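Just work.txt here, compact mmCIF, C-alpha atoms:
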# COMPACT_ATOMS: atom_id res chain seq x y z
CA MET A 1 82.12 81.68 3.93
CA ASN A 2 79.05 83.09 2.21
CA LYS A 3 79.78 81.00 -0.87
CA TRP A 4 80.02 77.85 1.25
CA LEU A 5 76.72 78.68 2.95
CA ARG A 6 74.99 79.17 -0.38
CA ASN A 7 76.34 75.95 -1.88
CA ASN A 8 76.38 73.56 1.09
CA LEU A 9 74.02 74.81 3.80
CA TRP A 10 70.93 73.37 2.15
CA ARG A 11 72.69 70.01 1.71
CA HIS A 12 73.57 69.80 5.39
CA ALA A 13 70.09 70.94 6.40
CA LEU A 14 68.51 68.30 4.16
CA ALA A 15 70.81 65.56 5.48
CA ILE A 16 70.10 66.50 9.12
CA THR A 17 66.35 66.58 8.45
CA VAL A 18 66.38 63.15 6.81
CA ALA A 19 68.54 61.73 9.64
CA LEU A 20 66.19 63.10 12.31
CA PHE A 21 63.17 61.80 10.43
CA SER A 22 64.76 58.33 10.24
CA LEU A 23 65.90 58.25 13.86
CA PHE A 24 62.65 59.52 15.37
CA PRO A 25 60.84 56.11 15.31
CA LEU A 26 63.84 54.50 17.04
CA TYR A 27 63.89 57.27 19.63
CA LEU A 28 60.15 56.85 20.21
CA VAL A 29 60.56 53.10 20.75
CA ILE A 30 63.41 53.62 23.22
CA ILE A 31 61.49 56.24 25.19
CA SER A 32 58.37 54.05 25.21
CA SER A 33 60.36 51.10 26.55
CA LEU A 34 61.52 53.28 29.47
CA ASN A 35 58.03 54.69 30.14
CA PRO A 36 56.64 53.06 33.32
CA SER A 37 53.05 53.71 32.24
CA GLY A 38 53.43 51.34 29.29
CA SER A 39 51.84 53.69 26.76
CA LEU A 40 52.84 55.82 23.80
CA ASN A 41 51.38 59.00 25.27
CA LEU A 42 54.48 61.11 25.77
CA THR A 43 54.11 64.52 27.39
CA SER A 44 57.53 65.68 26.15
CA PHE A 45 60.38 64.54 23.95
CA ILE A 46 62.65 64.34 26.99
CA PRO A 47 61.27 61.83 29.52
CA THR A 48 60.88 63.04 33.08
CA GLU A 49 60.76 59.53 34.54
CA ILE A 50 62.82 56.56 33.44
CA SER A 51 62.07 53.02 34.56
CA PHE A 52 63.23 49.55 33.53
CA LYS A 53 59.92 48.05 34.59
CA ASN A 54 59.06 46.93 31.06
CA TYR A 55 62.38 45.09 30.65
CA THR A 56 61.97 43.42 34.04
CA LEU A 57 58.47 42.29 33.09
CA LEU A 58 59.77 40.42 30.04
CA PHE A 59 62.18 38.27 32.04
CA HIS A 60 60.39 37.79 35.36
CA ASP A 61 56.72 37.40 34.47
CA PRO A 62 56.00 33.64 34.19
CA ARG A 63 53.12 34.35 31.82
CA ILE A 64 55.51 35.83 29.23
CA PRO A 65 57.94 33.25 27.79
CA TYR A 66 60.08 35.94 26.17
CA LEU A 67 63.33 33.98 26.23
CA THR A 68 61.55 31.01 24.67
CA TRP A 69 60.27 33.24 21.86
CA MET A 70 63.79 34.54 21.28
CA LYS A 71 65.22 31.03 21.24
CA ASN A 72 62.59 29.87 18.74
CA SER A 73 63.26 32.81 16.44
CA LEU A 74 67.03 32.39 16.59
CA ILE A 75 66.84 28.65 15.91
CA ILE A 76 64.41 28.97 13.00
CA ALA A 77 66.12 32.00 11.45
CA SER A 78 69.60 30.45 11.76
CA ALA A 79 68.44 27.15 10.28
CA VAL A 80 66.73 28.90 7.37
CA ALA A 81 69.80 31.08 6.72
CA VAL A 82 72.26 28.17 6.70
CA LEU A 83 70.07 25.75 4.75
CA SER A 84 68.93 28.32 2.20
CA VAL A 85 72.53 29.33 1.48
CA THR A 86 73.66 25.71 1.29
CA ILE A 87 70.89 24.63 -1.07
CA GLY A 88 70.89 27.88 -3.03
CA ALA A 89 74.66 27.87 -3.61
CA ALA A 90 74.67 24.28 -4.85
CA SER A 91 71.68 24.92 -7.11
CA ALA A 92 73.15 28.15 -8.50
CA PHE A 93 76.44 26.42 -9.27
CA ALA A 94 74.60 23.60 -11.04
CA PHE A 95 72.45 25.97 -13.12
CA SER A 96 75.45 28.11 -14.05
CA ARG A 97 78.20 25.57 -14.69
CA LEU A 98 76.72 22.11 -15.27
CA ARG A 99 74.80 20.79 -18.26
CA PHE A 100 71.73 18.66 -17.65
CA LYS A 101 68.30 18.07 -19.11
CA GLY A 102 65.68 20.59 -18.06
CA LYS A 103 68.15 23.32 -17.10
CA ILE A 104 66.50 26.13 -19.08
CA SER A 105 63.00 25.00 -18.14
CA GLY A 106 63.97 24.93 -14.46
CA LEU A 107 65.31 28.48 -14.58
CA LYS A 108 62.18 29.72 -16.34
CA LEU A 109 60.00 27.96 -13.78
CA LEU A 110 61.87 29.60 -10.90
CA LEU A 111 61.45 32.99 -12.56
CA LEU A 112 57.76 32.35 -13.19
CA VAL A 113 57.13 31.42 -9.57
CA GLN A 114 58.73 34.67 -8.38
CA MET A 115 56.28 36.71 -10.46
CA PHE A 116 53.44 35.94 -8.05
CA PRO A 117 53.31 37.41 -4.52
CA ALA A 118 54.04 34.87 -1.81
CA ILE A 119 50.85 35.79 0.03
CA LEU A 120 48.82 34.16 -2.75
CA ALA A 121 50.15 30.76 -1.72
CA ILE A 122 49.26 31.00 1.98
CA SER A 123 45.93 29.19 1.60
CA ALA A 124 47.47 26.42 -0.47
CA VAL A 125 50.42 26.03 1.91
CA TYR A 126 48.05 25.86 4.86
CA VAL A 127 46.01 23.07 3.24
CA ILE A 128 49.14 21.16 2.24
CA MET A 129 50.66 21.31 5.72
CA GLU A 130 47.32 20.35 7.23
CA ARG A 131 47.34 17.18 5.09
CA VAL A 132 50.96 16.53 6.05
CA GLN A 133 49.91 16.72 9.68
CA THR A 134 47.80 13.56 9.26
CA PHE A 135 50.70 11.25 8.32
CA ALA A 136 53.76 13.19 9.57
CA PRO A 137 52.81 15.15 12.69
CA GLY A 138 56.41 16.16 13.33
CA ILE A 139 56.61 18.37 10.23
CA GLY A 140 52.98 19.32 9.83
CA LEU A 141 50.86 22.28 10.78
CA GLY A 142 51.69 23.85 14.11
CA THR A 143 55.29 22.61 14.27
CA LYS A 144 58.57 24.51 13.95
CA PRO A 145 60.08 22.00 11.46
CA GLY A 146 57.01 22.45 9.25
CA LEU A 147 57.40 26.22 9.36
CA LEU A 148 61.08 25.78 8.50
CA LEU A 149 60.18 23.81 5.37
CA VAL A 150 57.74 26.49 4.28
CA TYR A 151 60.37 29.21 4.73
CA LEU A 152 62.93 27.24 2.74
CA GLY A 153 60.50 26.66 -0.12
CA GLY A 154 59.68 30.34 -0.38
CA ALA A 155 63.27 31.56 -0.35
CA MET A 156 64.83 29.17 -2.84
CA GLY A 157 63.84 30.96 -6.04
CA VAL A 158 65.19 34.37 -5.06
CA ASN A 159 68.40 32.97 -3.59
CA ILE A 160 69.14 30.76 -6.60
CA TRP A 161 68.70 33.60 -9.07
CA LEU A 162 70.81 35.96 -6.95
CA LEU A 163 73.62 33.46 -6.52
CA LYS A 164 73.48 32.33 -10.15
CA GLY A 165 74.02 35.89 -11.29
CA PHE A 166 77.18 36.01 -9.20
CA VAL A 167 78.43 32.63 -10.43
CA ASP A 168 78.04 33.79 -14.02
CA THR A 169 80.54 36.60 -13.34
CA ILE A 170 83.26 34.14 -12.26
CA PRO A 171 85.53 33.52 -15.27
CA ALA A 172 85.02 30.09 -16.79
CA GLU A 173 88.78 29.90 -17.34
CA LEU A 174 89.18 29.08 -13.66
CA ASP A 175 86.99 26.00 -14.08
CA GLU A 176 88.85 24.95 -17.22
CA ALA A 177 92.23 25.32 -15.53
CA ALA A 178 91.02 23.24 -12.59
CA LYS A 179 89.68 20.55 -14.94
CA VAL A 180 93.06 20.39 -16.68
CA ASP A 181 94.63 19.72 -13.28
CA GLY A 182 92.15 16.87 -12.78
CA ALA A 183 89.62 18.58 -10.48
CA SER A 184 86.11 17.15 -10.34
CA PRO A 185 82.97 19.36 -10.37
CA MET A 186 82.67 18.91 -6.59
CA GLN A 187 86.27 20.04 -6.08
CA ILE A 188 85.69 23.06 -8.31
CA TYR A 189 82.62 23.90 -6.25
CA TRP A 190 84.39 23.68 -2.87
CA LEU A 191 87.85 24.99 -3.79
CA ILE A 192 86.99 27.72 -6.31
CA PHE A 193 83.36 28.75 -6.11
CA ILE A 194 82.86 28.79 -2.31
CA PRO A 195 85.94 30.95 -1.52
CA LEU A 196 85.12 33.42 -4.30
CA ALA A 197 81.42 33.55 -3.39
CA THR A 198 81.92 34.14 0.35
CA PRO A 199 80.80 37.83 0.20
CA VAL A 200 77.57 37.17 -1.69
CA LEU A 201 76.87 34.08 0.42
CA SER A 202 77.17 36.27 3.52
CA VAL A 203 74.70 38.76 2.07
CA VAL A 204 72.19 36.02 1.22
CA MET A 205 72.59 34.50 4.68
CA LEU A 206 72.05 37.85 6.38
CA LEU A 207 68.98 38.70 4.30
CA SER A 208 67.52 35.25 4.93
CA PHE A 209 68.13 35.56 8.66
CA ILE A 210 66.59 39.02 8.95
CA GLY A 211 63.62 38.15 6.75
CA THR A 212 62.85 35.00 8.73
CA PHE A 213 63.48 36.60 12.11
CA ASN A 214 61.00 39.42 11.37
CA GLU A 215 58.41 37.33 9.49
CA PHE A 216 54.97 37.43 11.07
CA ILE A 217 52.18 36.13 8.82
CA LEU A 218 53.31 32.53 8.32
CA ALA A 219 54.61 32.26 11.88
CA ARG A 220 51.27 33.49 13.24
CA LEU A 221 49.40 31.05 11.00
CA PHE A 222 51.50 27.97 11.81
CA LEU A 223 52.54 28.41 15.44
CA VAL A 224 49.48 28.60 17.65
CA ASP A 225 50.74 27.52 21.08
CA MET A 226 52.23 30.32 23.19
CA PRO A 227 55.61 28.60 23.95
CA ASP A 228 56.13 27.73 20.26
CA ARG A 229 55.72 31.27 18.96
CA THR A 230 58.48 33.36 17.44
CA ILE A 231 59.47 36.76 18.76
CA ALA A 232 57.39 38.65 16.18
CA VAL A 233 54.23 36.72 16.99
CA GLY A 234 54.89 36.79 20.72
CA LEU A 235 55.37 40.56 20.85
CA GLN A 236 52.21 41.09 18.81
CA SER A 237 50.23 39.56 21.67
CA PHE A 238 51.04 42.64 23.79
CA ILE A 239 49.14 44.95 21.44
CA GLY A 240 46.86 42.57 19.55
CA GLY A 241 43.96 42.42 21.97
CA GLN A 242 41.19 44.95 22.31
CA TYR A 243 42.15 45.73 25.91
CA ALA A 244 45.81 44.76 25.70
CA GLN A 245 47.68 47.83 24.50
CA ASN A 246 50.91 47.26 26.42
CA TRP A 247 53.23 49.35 24.29
CA GLY A 248 55.95 49.52 26.96
CA PRO A 249 56.77 45.78 27.04
CA PHE A 250 56.30 45.64 23.27
CA ALA A 251 58.89 48.39 22.76
CA ALA A 252 61.30 46.83 25.26
CA GLY A 253 61.01 43.43 23.60
CA SER A 254 61.55 44.96 20.17
CA ILE A 255 64.77 46.64 21.27
CA ILE A 256 66.15 43.44 22.80
CA ALA A 257 65.12 41.44 19.72
CA SER A 258 67.08 43.81 17.46
CA VAL A 259 70.37 43.09 19.26
CA PRO A 260 71.14 39.76 17.46
CA ILE A 261 70.48 41.35 14.05
CA VAL A 262 72.78 44.28 14.83
CA ILE A 263 75.53 41.94 16.04
CA ILE A 264 75.32 39.76 12.93
CA PHE A 265 75.21 42.79 10.66
CA LEU A 266 78.32 44.32 12.24
CA SER A 267 80.22 41.03 12.21
CA LEU A 268 79.49 40.50 8.49
CA GLN A 269 79.88 44.13 7.47
CA LYS A 270 83.06 43.55 5.48
CA TYR A 271 81.50 40.73 3.48
CA ILE A 272 78.25 42.63 3.00
CA VAL A 273 79.98 45.58 1.32
CA ASN A 274 81.90 43.25 -0.98
CA GLY A 275 78.85 41.12 -1.68
CA LEU A 276 76.57 44.00 -2.61
CA THR A 277 79.11 45.28 -5.14
CA ALA A 278 80.10 41.83 -6.44
CA GLY A 279 79.35 41.39 -10.10
CA SER A 280 78.87 45.11 -10.75
CA VAL A 281 82.13 45.18 -12.72
CA LYS A 282 82.94 42.13 -14.77
CA GLY A 283 86.62 41.58 -15.42
Translate the structure of the given file into structure tokens.
Amino acid sequence: MNKWLRNNLWRHALAITVALFSLFPLYLVIISSLNPSGSLNLTSFIPTEISFKNYTLLFHDPRIPYLTWMKNSLIIASAVAVLSVTIGAASAFAFSRLRFKGKISGLKLLLLVQMFPAILAISAVYVIMERVQTFAPGIGLGTKPGLLLVYLGGAMGVNIWLLKGFVDTIPAELDEAAKVDGASPMQIYWLIFIPLATPVLSVVMLLSFIGTFNEFILARLFLVDMPDRTIAVGLQSFIGGQYAQNWGPFAAGSIIASVPIVIIFLSLQKYIVNGLTAGSVKG
């Protein structure tokens, strides 16, 4: 027993400390959402009064279009996830398997673009979308389709490189065998690549969804009207003003907003584990 304590006690103590440190922010948010005063000033770690007033406020106050914010975020994040995976998978397959003029230059250009932080392009993107607004108001500044286009443009480089690295690990013999049987490049893509790449496609889709769902800067810049805002921008309005420090509704809205991400993560857990380890061992 003494030997076990000497060898393992510090490991368990360290693990418990790290777990408590990681879970404390979540616990603070939950307690704040149940605090009827709507503040972060907690007198004790165990609340003496629990109220669902903050949750009721989100759904019954006509001045707070919380469900509309959730719907906007889910629509935009889902569209970005599906379209980015669709475009990224086709592009990665083309860069990895097909031969065409400008292939190497295109890959180098994608890599070069990723070297610069995305925040550097905000001013340029704003000016471009403002010009687009003059001749195509439906996809210009202040519209959800315009924001969707901006998100897709920013995610393509990372997704293509990630998916291309996975495609390169698929044995080329499978393509050659399919070509011998008379399969076209499109048939190879749908019948061989897509089934084999399902785990990594799930990972890319999940990362795209979470990144878009939680994105704040571009959404705050593009979506000005209150009903058009995403959940991240809408919740920021509770604590963004000088005299508007409503931490209770903010915490309650954050907890509800995390439910879709948790559900998607749990439903794709099997594919996520396989996708994160895909390509680590090349057979």
Using only C-alpha atoms, find each residue in segment 147-254 of chain A having at least one atom no more than 8 Å away from segment 84-94 of chain A; report its shortest atom-to-atom pair and that distance in Å (one decimal), rows by chain then rising number, as CSV.
residue,atom,partner,partner_atom,distance
A:Leu152,CA,A:Ser84,CA,6.1
A:Ala155,CA,A:Ser84,CA,7.0
A:Met156,CA,A:Gly88,CA,6.2
A:Asn159,CA,A:Gly88,CA,5.7
A:Ile160,CA,A:Gly88,CA,4.9
A:Trp161,CA,A:Ala92,CA,7.1
A:Leu163,CA,A:Ala92,CA,5.7
A:Lys164,CA,A:Ala92,CA,4.5
A:Val167,CA,A:Phe93,CA,6.6
A:Tyr189,CA,A:Phe93,CA,7.3
A:Phe193,CA,A:Phe93,CA,8.0
A:Leu201,CA,A:Val85,CA,6.5
A:Val204,CA,A:Val85,CA,6.7
A:Met205,CA,A:Val85,CA,6.1
A:Ser208,CA,A:Ser84,CA,7.6
Preceding selection exported with C-alpha atoms as a JSON list (two decimals), in the frame of the given file:
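File written: again-v3.json
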[["chain", "number", "residue", "atom", "x", "y", "z"],
["A", 152, "LEU", "CA", 62.93, 27.24, 2.74],
["A", 155, "ALA", "CA", 63.27, 31.56, -0.35],
["A", 156, "MET", "CA", 64.83, 29.17, -2.84],
["A", 159, "ASN", "CA", 68.40, 32.97, -3.59],
["A", 160, "ILE", "CA", 69.14, 30.76, -6.60],
["A", 161, "TRP", "CA", 68.70, 33.60, -9.07],
["A", 163, "LEU", "CA", 73.62, 33.46, -6.52],
["A", 164, "LYS", "CA", 73.48, 32.33, -10.15],
["A", 167, "VAL", "CA", 78.43, 32.63, -10.43],
["A", 189, "TYR", "CA", 82.62, 23.90, -6.25],
["A", 193, "PHE", "CA", 83.36, 28.75, -6.11],
["A", 201, "LEU", "CA", 76.87, 34.08, 0.42],
["A", 204, "VAL", "CA", 72.19, 36.02, 1.22],
["A", 205, "MET", "CA", 72.59, 34.50, 4.68],
["A", 208, "SER", "CA", 67.52, 35.25, 4.93]]
* Among listed residues A:Thr48, A:Thr212, A:Gln133, A:Ser105, nearest Ala79 of chain A (using all atoms listed in the file) -> A:Thr212
* Can you list, as a ChimeraX atom specification, every protein, DNA or RNA residue that comes within 12 Å of Ile139 of chain A when you count only C-alpha atoms, leaving out same-chain residues fewer than 6 positions away? -> /A:128-133,145-150,222
Output of the above residues as a PDB file, in the frame of the given file, restricted to C-alpha atoms:
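As a result, result-v8.pdb now contains:
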ATOM      1  CA  ILE A 128      49.140  21.160   2.240  1.00  0.00           C
ATOM      2  CA  MET A 129      50.660  21.310   5.720  1.00  0.00           C
ATOM      3  CA  GLU A 130      47.320  20.350   7.230  1.00  0.00           C
ATOM      4  CA  ARG A 131      47.340  17.180   5.090  1.00  0.00           C
ATOM      5  CA  VAL A 132      50.960  16.530   6.050  1.00  0.00           C
ATOM      6  CA  GLN A 133      49.910  16.720   9.680  1.00  0.00           C
ATOM      7  CA  PRO A 145      60.080  22.000  11.460  1.00  0.00           C
ATOM      8  CA  GLY A 146      57.010  22.450   9.250  1.00  0.00           C
ATOM      9  CA  LEU A 147      57.400  26.220   9.360  1.00  0.00           C
ATOM     10  CA  LEU A 148      61.080  25.780   8.500  1.00  0.00           C
ATOM     11  CA  LEU A 149      60.180  23.810   5.370  1.00  0.00           C
ATOM     12  CA  VAL A 150      57.740  26.490   4.280  1.00  0.00           C
ATOM     13  CA  PHE A 222      51.500  27.970  11.810  1.00  0.00           C
TER      14      PHE A 222
END
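In terms of minimum interatomic distance to Ala77 of chain A, A:Tyr151 ranks closest within A:Phe135, A:Trp190, A:Trp10, A:Tyr151, counting only C-alpha atoms.
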* To do: Determine, counting all atoms listed in the file, which protein, DNA and RNA residues have an atom within 9 Å of an atom of Val233 of chain A; residues of the same chain fewer than 3 positions away are not included. Present the result as a ChimeraX atom specification.
  => /A:69,215-217,219-220,223,229-230,236-237
* For atom CA of Val262 of chain A and atom CA of Val224 of chain A, the interatomic separation in Å (one decimal) ->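 So the answer is 28.2 Å.
For the atom pair formed by atom CA of Leu174 of chain A and atom CA of Val200 of chain A, the distance is 18.5 Å, given to one decimal.
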* Structure fact -> One decimal place gives the atom CA of Ala251 of chain A-atom CA of Ser33 of chain A separation as 4.9 Å
* Asked: Which is closer to Leu218 of chain A than all the others in A:Leu9, A:Ile122, A:Ile31, A:Ile231, using only C-alpha atoms?
  ->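 Once distances to Leu218 of chain A are computed over only C-alpha atoms, the minimum belongs to A:Ile122.
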* Neighbour residues at most 9 Å from (58.8, 43.1, 31.0) (all atoms listed in the file) as a VMD selection string -> chain A and resid 52 to 61 64 66 248 to 250 252 to 253
* Asked: Which one is closest to Pro227 of chain A: A:Pro65, A:Gly153, A:Gly211, A:Pro185? Count all atoms listed in the file.
  ->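 Of all the options, A:Pro65 lies closest to Pro227 of chain A.
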Centre, edges in Å (one decimal): axis-aligned box, segment 73-87 of chain A, 6 Å padding on all six sides, as lines of an AutoDock Vina configuration file:
center_x = 68.5
center_y = 28.7
center_z = 7.8
size_x = 22.4
size_y = 20.2
size_z = 29.7
* Residues at most 9 Å from Leu206 of chain A, counting all atoms listed in the file, excluding those fewer than 3 positions away in the same chain, as a list of chain:residue names? -> A:Ala81, A:Leu201, A:Ser202, A:Val203, A:Phe209, A:Ile210, A:Gly211, A:Ile261, A:Ile264, A:Phe265, A:Leu268, A:Ile272
* Option closest in space to Gly165 of chain A, from A:Ser254, A:Asn35, A:Ser96, A:Asn214 [counting only C-alpha atoms] -> A:Ser96
